[in-house]
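Reproduced below: target01.pdb, with PDB, C-alpha atoms.
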ATOM      1  CA  MET A   1     154.778  74.490  77.870
ATOM      2  CA  ILE A   2     151.594  76.148  76.576
ATOM      3  CA  LEU A   3     149.463  73.834  78.739
ATOM      4  CA  ILE A   4     151.353  74.875  81.873
ATOM      5  CA  GLN A   5     150.929  78.538  80.950
ATOM      6  CA  LEU A   6     147.206  77.997  80.302
ATOM      7  CA  PHE A   7     146.790  76.337  83.690
ATOM      8  CA  PHE A   8     148.573  79.087  85.627
ATOM      9  CA  GLU A   9     146.925  81.983  83.758
ATOM     10  CA  PHE A  10     143.459  80.609  84.478
ATOM     11  CA  PHE A  11     144.416  79.489  87.990
ATOM     12  CA  ARG A  12     145.314  83.098  88.769
ATOM     13  CA  ALA A  13     142.067  84.348  87.218
ATOM     14  CA  GLY A  14     140.081  81.806  89.237
ATOM     15  CA  LEU A  15     141.925  82.710  92.423
ATOM     16  CA  PHE A  16     141.336  86.453  92.259
ATOM     17  CA  ALA A  17     138.044  86.751  90.332
ATOM     18  CA  VAL A  18     135.737  86.879  93.344
ATOM     19  CA  GLY A  19     132.126  87.343  92.271
ATOM     20  CA  GLY A  20     131.430  84.904  89.468
ATOM     21  CA  GLY A  21     131.771  84.876  85.701
ATOM     22  CA  LEU A  22     131.552  88.615  85.069
ATOM     23  CA  ALA A  23     134.356  89.181  87.564
ATOM     24  CA  THR A  24     136.682  87.120  85.338
ATOM     25  CA  ILE A  25     136.379  89.590  82.446
ATOM     26  CA  PRO A  26     139.075  92.028  83.671
ATOM     27  CA  PHE A  27     141.426  89.088  84.169
ATOM     28  CA  LEU A  28     140.612  87.678  80.735
ATOM     29  CA  THR A  29     141.238  91.097  79.202
ATOM     30  CA  ASP A  30     144.659  91.097  80.851
ATOM     31  CA  ILE A  31     145.392  87.532  79.672
ATOM     32  CA  GLY A  32     144.454  88.451  76.098
ATOM     33  CA  GLN A  33     146.624  91.573  76.098
ATOM     34  CA  ARG A  34     149.667  89.807  77.565
ATOM     35  CA  THR A  35     149.522  86.476  75.726
ATOM     36  CA  HIS A  36     147.796  87.541  72.472
ATOM     37  CA  TRP A  37     145.694  84.349  72.584
ATOM     38  CA  PHE A  38     142.595  86.421  71.731
ATOM     39  CA  THR A  39     141.648  90.003  70.894
ATOM     40  CA  ASN A  40     139.128  92.287  72.602
ATOM     41  CA  GLY A  41     136.700  91.471  69.793
ATOM     42  CA  ASP A  42     137.185  87.758  70.471
ATOM     43  CA  LEU A  43     136.531  88.486  74.152
ATOM     44  CA  ALA A  44     133.258  90.226  73.293
ATOM     45  CA  ASN A  45     132.213  87.195  71.236
ATOM     46  CA  MET A  46     133.208  84.860  74.084
ATOM     47  CA  ILE A  47     131.080  86.866  76.509
ATOM     48  CA  ALA A  48     128.085  86.733  74.164
ATOM     49  CA  VAL A  49     128.394  82.995  73.560
ATOM     50  CA  SER A  50     129.142  82.223  77.226
ATOM     51  CA  GLU A  51     126.122  84.202  78.383
ATOM     52  CA  SER A  52     123.819  82.350  76.002
ATOM     53  CA  THR A  53     125.106  78.807  76.628
ATOM     54  CA  PRO A  54     124.487  76.648  79.686
ATOM     55  CA  GLY A  55     127.092  76.604  82.418
ATOM     56  CA  PRO A  56     129.129  79.146  84.316
ATOM     57  CA  MET A  57     130.355  82.009  82.150
ATOM     58  CA  GLY A  58     133.962  81.938  83.393
ATOM     59  CA  VAL A  59     134.223  78.200  82.821
ATOM     60  CA  ASN A  60     132.770  78.512  79.319
ATOM     61  CA  MET A  61     135.286  81.224  78.445
ATOM     62  CA  ALA A  62     138.226  79.282  79.912
ATOM     63  CA  THR A  63     137.186  76.212  77.943
ATOM     64  CA  TYR A  64     136.906  78.260  74.736
ATOM     65  CA  VAL A  65     140.284  79.970  75.126
ATOM     66  CA  GLY A  66     141.947  76.684  76.048
ATOM     67  CA  PHE A  67     140.447  74.977  73.000
ATOM     68  CA  GLN A  68     141.454  77.811  70.655
ATOM     69  CA  THR A  69     144.979  77.814  72.079
ATOM     70  CA  ALA A  70     145.780  74.113  72.478
ATOM     71  CA  GLY A  71     142.808  72.005  71.382
ATOM     72  CA  ILE A  72     140.967  69.616  73.670
ATOM     73  CA  PRO A  73     143.856  69.239  76.161
ATOM     74  CA  GLY A  74     144.035  73.030  76.368
ATOM     75  CA  SER A  75     140.315  73.340  77.060
ATOM     76  CA  VAL A  76     140.542  70.775  79.863
ATOM     77  CA  ILE A  77     143.661  72.350  81.397
ATOM     78  CA  ALA A  78     142.302  75.921  81.251
ATOM     79  CA  THR A  79     139.007  74.850  82.805
ATOM     80  CA  VAL A  80     140.727  72.871  85.553
ATOM     81  CA  GLY A  81     143.025  75.847  86.171
ATOM     82  CA  LEU A  82     140.050  78.176  86.576
ATOM     83  CA  ILE A  83     138.071  75.976  88.958
ATOM     84  CA  THR A  84     140.958  74.624  91.075
ATOM     85  CA  PRO A  85     141.254  77.734  93.302
ATOM     86  CA  SER A  86     137.508  77.633  93.985
ATOM     87  CA  VAL A  87     137.646  73.979  94.978
ATOM     88  CA  ILE A  88     140.610  74.610  97.286
ATOM     89  CA  VAL A  89     139.029  77.710  98.827
ATOM     90  CA  VAL A  90     135.679  75.964  99.362
ATOM     91  CA  LEU A  91     137.375  73.041 101.112
ATOM     92  CA  ILE A  92     139.416  75.362 103.344
ATOM     93  CA  VAL A  93     136.480  77.645 104.104
ATOM     94  CA  ALA A  94     134.216  74.700 104.912
ATOM     95  CA  ALA A  95     136.774  73.335 107.382
ATOM     96  CA  VAL A  96     137.531  76.742 108.945
ATOM     97  CA  LEU A  97     133.959  77.996 108.958
ATOM     98  CA  GLN A  98     132.775  74.957 110.835
ATOM     99  CA  LYS A  99     135.316  75.721 113.527
ATOM    100  CA  PHE A 100     134.875  79.509 113.581
ATOM    101  CA  ARG A 101     131.225  79.817 112.580
ATOM    102  CA  ASN A 102     130.380  82.737 114.899
ATOM    103  CA  ASN A 103     133.770  84.457 114.907
ATOM    104  CA  PRO A 104     133.407  88.229 114.305
ATOM    105  CA  THR A 105     136.656  88.321 112.297
ATOM    106  CA  VAL A 106     135.389  85.705 109.837
ATOM    107  CA  GLU A 107     132.120  87.617 109.453
ATOM    108  CA  ALA A 108     134.083  90.851 108.875
ATOM    109  CA  VAL A 109     136.227  89.232 106.159
ATOM    110  CA  PHE A 110     133.164  88.019 104.275
ATOM    111  CA  TYR A 111     131.551  91.421 104.691
ATOM    112  CA  GLY A 112     134.724  93.036 103.275
ATOM    113  CA  LEU A 113     134.671  90.791 100.188
ATOM    114  CA  ARG A 114     131.353  92.281  99.057
ATOM    115  CA  PRO A 115     132.786  95.615  97.815
ATOM    116  CA  ALA A 116     135.678  93.842  96.074
ATOM    117  CA  SER A 117     133.238  91.559  94.295
ATOM    118  CA  THR A 118     131.013  94.510  93.375
ATOM    119  CA  GLY A 119     134.010  96.418  91.991
ATOM    120  CA  LEU A 120     135.113  93.497  89.820
ATOM    121  CA  ILE A 121     131.607  93.051  88.431
ATOM    122  CA  ALA A 122     131.275  96.815  87.768
ATOM    123  CA  SER A 123     134.622  96.758  85.959
ATOM    124  CA  ALA A 124     133.440  93.823  83.872
ATOM    125  CA  GLY A 125     130.203  95.628  83.020
ATOM    126  CA  TRP A 126     132.104  98.742  81.955
ATOM    127  CA  SER A 127     134.422  96.587  79.799
ATOM    128  CA  VAL A 128     131.432  94.984  78.076
ATOM    129  CA  VAL A 129     129.886  98.413  77.391
ATOM    130  CA  CYS A 130     133.155  99.744  75.968
ATOM    131  CA  ILE A 131     133.773  96.674  73.800
ATOM    132  CA  SER A 132     130.175  96.605  72.561
ATOM    133  CA  LEU A 133     129.512 100.290  71.929
ATOM    134  CA  LEU A 134     132.882 101.973  71.328
ATOM    135  CA  VAL A 135     135.746 101.540  68.857
ATOM    136  CA  PRO A 136     139.057 102.843  70.196
ATOM    137  CA  ASP A 137     141.121 104.708  67.624
ATOM    138  CA  TRP A 138     144.706 105.420  68.715
ATOM    139  CA  ARG A 139     146.549 108.147  66.804
ATOM    140  CA  LEU A 140     150.110 109.352  67.058
ATOM    141  CA  GLU A 141     150.365 113.108  66.602
ATOM    142  CA  GLY A 142     153.863 114.435  67.082
ATOM    143  CA  ALA A 143     155.141 113.026  70.360
ATOM    144  CA  SER A 144     151.642 112.424  71.760
ATOM    145  CA  LEU A 145     149.527 109.307  71.586
ATOM    146  CA  LEU A 146     145.854 110.296  71.406
ATOM    147  CA  LEU A 147     142.790 108.149  71.935
ATOM    148  CA  ASN A 148     139.652 108.845  69.968
ATOM    149  CA  LEU A 149     136.569 106.769  70.766
ATOM    150  CA  ASP A 150     134.224 106.194  67.849
ATOM    151  CA  VAL A 151     130.691 105.097  68.680
ATOM    152  CA  LYS A 152     129.169 101.958  67.104
ATOM    153  CA  TRP A 153     125.806 103.576  66.347
ATOM    154  CA  LYS A 154     124.098 100.360  65.204
ATOM    155  CA  CYS A 155     125.010  98.734  68.520
ATOM    156  CA  VAL A 156     123.812 101.761  70.503
ATOM    157  CA  LEU A 157     120.518 101.707  68.583
ATOM    158  CA  LEU A 158     120.110  97.963  69.181
ATOM    159  CA  ALA A 159     120.842  98.411  72.915
ATOM    160  CA  ALA A 160     118.269 101.218  73.141
ATOM    161  CA  VAL A 161     115.618  99.153  71.334
ATOM    162  CA  VAL A 162     116.266  96.112  73.542
ATOM    163  CA  TYR A 163     116.152  98.296  76.657
ATOM    164  CA  PHE A 164     112.840  99.819  75.546
ATOM    165  CA  PHE A 165     111.194  96.477  74.764
ATOM    166  CA  THR A 166     112.443  94.793  77.955
ATOM    167  CA  HIS A 167     110.781  97.571  79.958
ATOM    168  CA  TRP A 168     107.600  97.901  77.850
ATOM    169  CA  LYS A 169     104.636  96.300  79.622
ATOM    170  CA  LYS A 170     103.493  94.204  76.632
ATOM    171  CA  THR A 171     106.885  92.560  75.974
ATOM    172  CA  LYS A 172     108.383  92.699  79.459
ATOM    173  CA  SER A 173     107.234  89.175  80.325
ATOM    174  CA  LEU A 174     109.023  87.458  77.418
ATOM    175  CA  HIS A 175     111.374  84.684  78.510
ATOM    176  CA  PRO A 176     115.102  85.624  78.551
ATOM    177  CA  VAL A 177     115.819  82.921  75.954
ATOM    178  CA  ALA A 178     113.492  84.744  73.561
ATOM    179  CA  TRP A 179     115.449  87.979  74.113
ATOM    180  CA  ILE A 180     118.754  86.209  73.503
ATOM    181  CA  ALA A 181     117.435  84.601  70.304
ATOM    182  CA  LEU A 182     115.931  87.867  69.031
ATOM    183  CA  SER A 183     119.128  89.786  69.791
ATOM    184  CA  ALA A 184     121.201  87.161  68.003
ATOM    185  CA  VAL A 185     118.978  87.315  64.911
ATOM    186  CA  VAL A 186     119.057  91.141  64.832
ATOM    187  CA  GLY A 187     122.812  91.179  65.455
ATOM    188  CA  VAL A 188     123.426  88.793  62.541
ATOM    189  CA  ALA A 189     120.989  90.705  60.311
ATOM    190  CA  LEU A 190     122.729  94.013  61.051
ATOM    191  CA  GLY A 191     126.202  92.484  60.812
ATOM    192  CA  LEU A 192     127.182  93.378  64.382
TER     193      LEU A 192
END

Show this structure as structure tokens.
Amino acid sequence: MILIQLFFEFFRAGLFAVGGGLATIPFLTDIGQRTHWFTNGDLANMIAVSESTPGPMGVNMATYVGFQTAGIPGSVIATVGLITPSVIVVLIVAAVLQKFRNNPTVEAVFYGLRPASTGLIASAGWSVVCISLLVPDWRLEGASLLLNLDVKWKCVLLAAVVYFFTHWKKTKSLHPVAWIALSAVVGVALGL
């Protein structure tokens, strides 16, 4: 039963996450909150590992969640679930686009997908910022539920230092792999 649920959860994420790996983050957040397969902290770790490993980010995260949930069969099923909508859509679009290549309606639909994709990626970026730099603290006072956001100052300092050095002329030309490795070392050293 868990394998079927894994397939359909990631099938839905793959179907609606237009825009690539970052666009899957809002859907993964929803999956984690509904199924309790992973926490927001686990999601932040998945994003970090998926960004620094080869392969598409969404596929890496689906494989990781599937493996954590149901072992190797789970990783295969979750990954297949995530990529199946893309394969189906590409096959349909290739067949239709060949027939309606210069149709103004088809061009308008693709033009309309751009803002949706941009919105999903912006939402993912905001989620990453919130997970990385803020700690939500929910408090019940009387009949009201209050949210207090505490700032992770070490993470803010690290982000500021990385931003400075990636824009400083002398270190700007470093390869992205060097930045990933340096950030990982500093993150481990600071216990982030």

Open item on the list: List as an MDAnalysis selection string the protein and nucleic acid residues near range 129-143 of chain A, meaning an atom at most 8 Å away when only C-alpha atoms are counted, but skip any in the same chain fewer than 6 places from it.
Closed with: chainID A and resid 40:41 44 149:153 155:156

Task: Between CA of Val185 in chain A and CA of Ala23 in chain A - distance in Å to one decimal - done: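 Between CA of Ala23 in chain A and CA of Val185 in chain A the gap is 27.4 Å.
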
TODO: Give the answer as one residue: which of A:Ala70, A:Ala116, A:Val87, A:Leu190 has the shortest atom-to-atom distance to Val18 in chain A, using all atoms listed in the file?
DONE: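 Of the candidates, the smallest distance to Val18 in chain A is held by A:Ala116.
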
Open item on the list: Applying 6 Å and all atoms listed in the file, which residues near Pro85 in chain A remain after dropping the ones on its own chain fewer than 3 positions away? List them as a PyMOL selection string.
Closed with: chain A and resi 14-15+88-89

- [ ] Please evaluate the PyMOL selection byres ((chain A and resi 17) around 10) against the displayed coordinates and give the resulting residues as a PyMOL selection string.
- [x] chain A and resi 11-16+18-28+58+82+86+116-117+120-121

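Minimum atom-to-atom distance to Ile83 in chain A, evaluated using only C-alpha atoms, belongs to A:Asn60 out of A:Gln68, A:Asn102, A:Thr39, A:Asn60.
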
TODO: Calculate how many Å separate CA of Thr29 in chain A from CA of Ala184 in chain A, rounding to one decimal.
DONE: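 About the pair CA of Thr29 in chain A and CA of Ala184 in chain A: they are 23.3 Å apart.
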
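If you apply the PyMOL selection byres ((chain A and resi 71-78) around 8) to this structure, you end up with Leu3, Leu6, Phe7, Phe10, Phe11, Ala62, Thr63, Tyr64, Val65, Gly66, Phe67, Gln68, Thr69, Ala70, Thr79, Val80, Gly81 and Leu82 of chain A.
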
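Comparing A:Val161, A:Val177, A:Val186, A:Val59 by their smallest distance to Thr84 in chain A, the closest is A:Val59 (using all atoms listed in the file).
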
- [ ] For CA of Ser123 in chain A and CA of Leu174 in chain A, quote the distance in Å rounded to one decimal.
- [x] 28.5 Å

Open item on the list: Residues within 10 Å of Leu97 in chain A, please, as a PyMOL selection string. Count all atoms listed in the file; anything in the same chain fewer than 6 positions from it doesn't count.
Closed with: chain A and resi 90-91+103+106-107

Residue subset to file, keeping C-alpha atoms, as a PDB file, in the frame of the given file:
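Saved to selection.pdb:
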ATOM      1  CA  VAL A  90     135.679  75.964  99.362  1.00  0.00           C
ATOM      2  CA  LEU A  91     137.375  73.041 101.112  1.00  0.00           C
ATOM      3  CA  ASN A 103     133.770  84.457 114.907  1.00  0.00           C
ATOM      4  CA  VAL A 106     135.389  85.705 109.837  1.00  0.00           C
ATOM      5  CA  GLU A 107     132.120  87.617 109.453  1.00  0.00           C
TER       6      GLU A 107
END
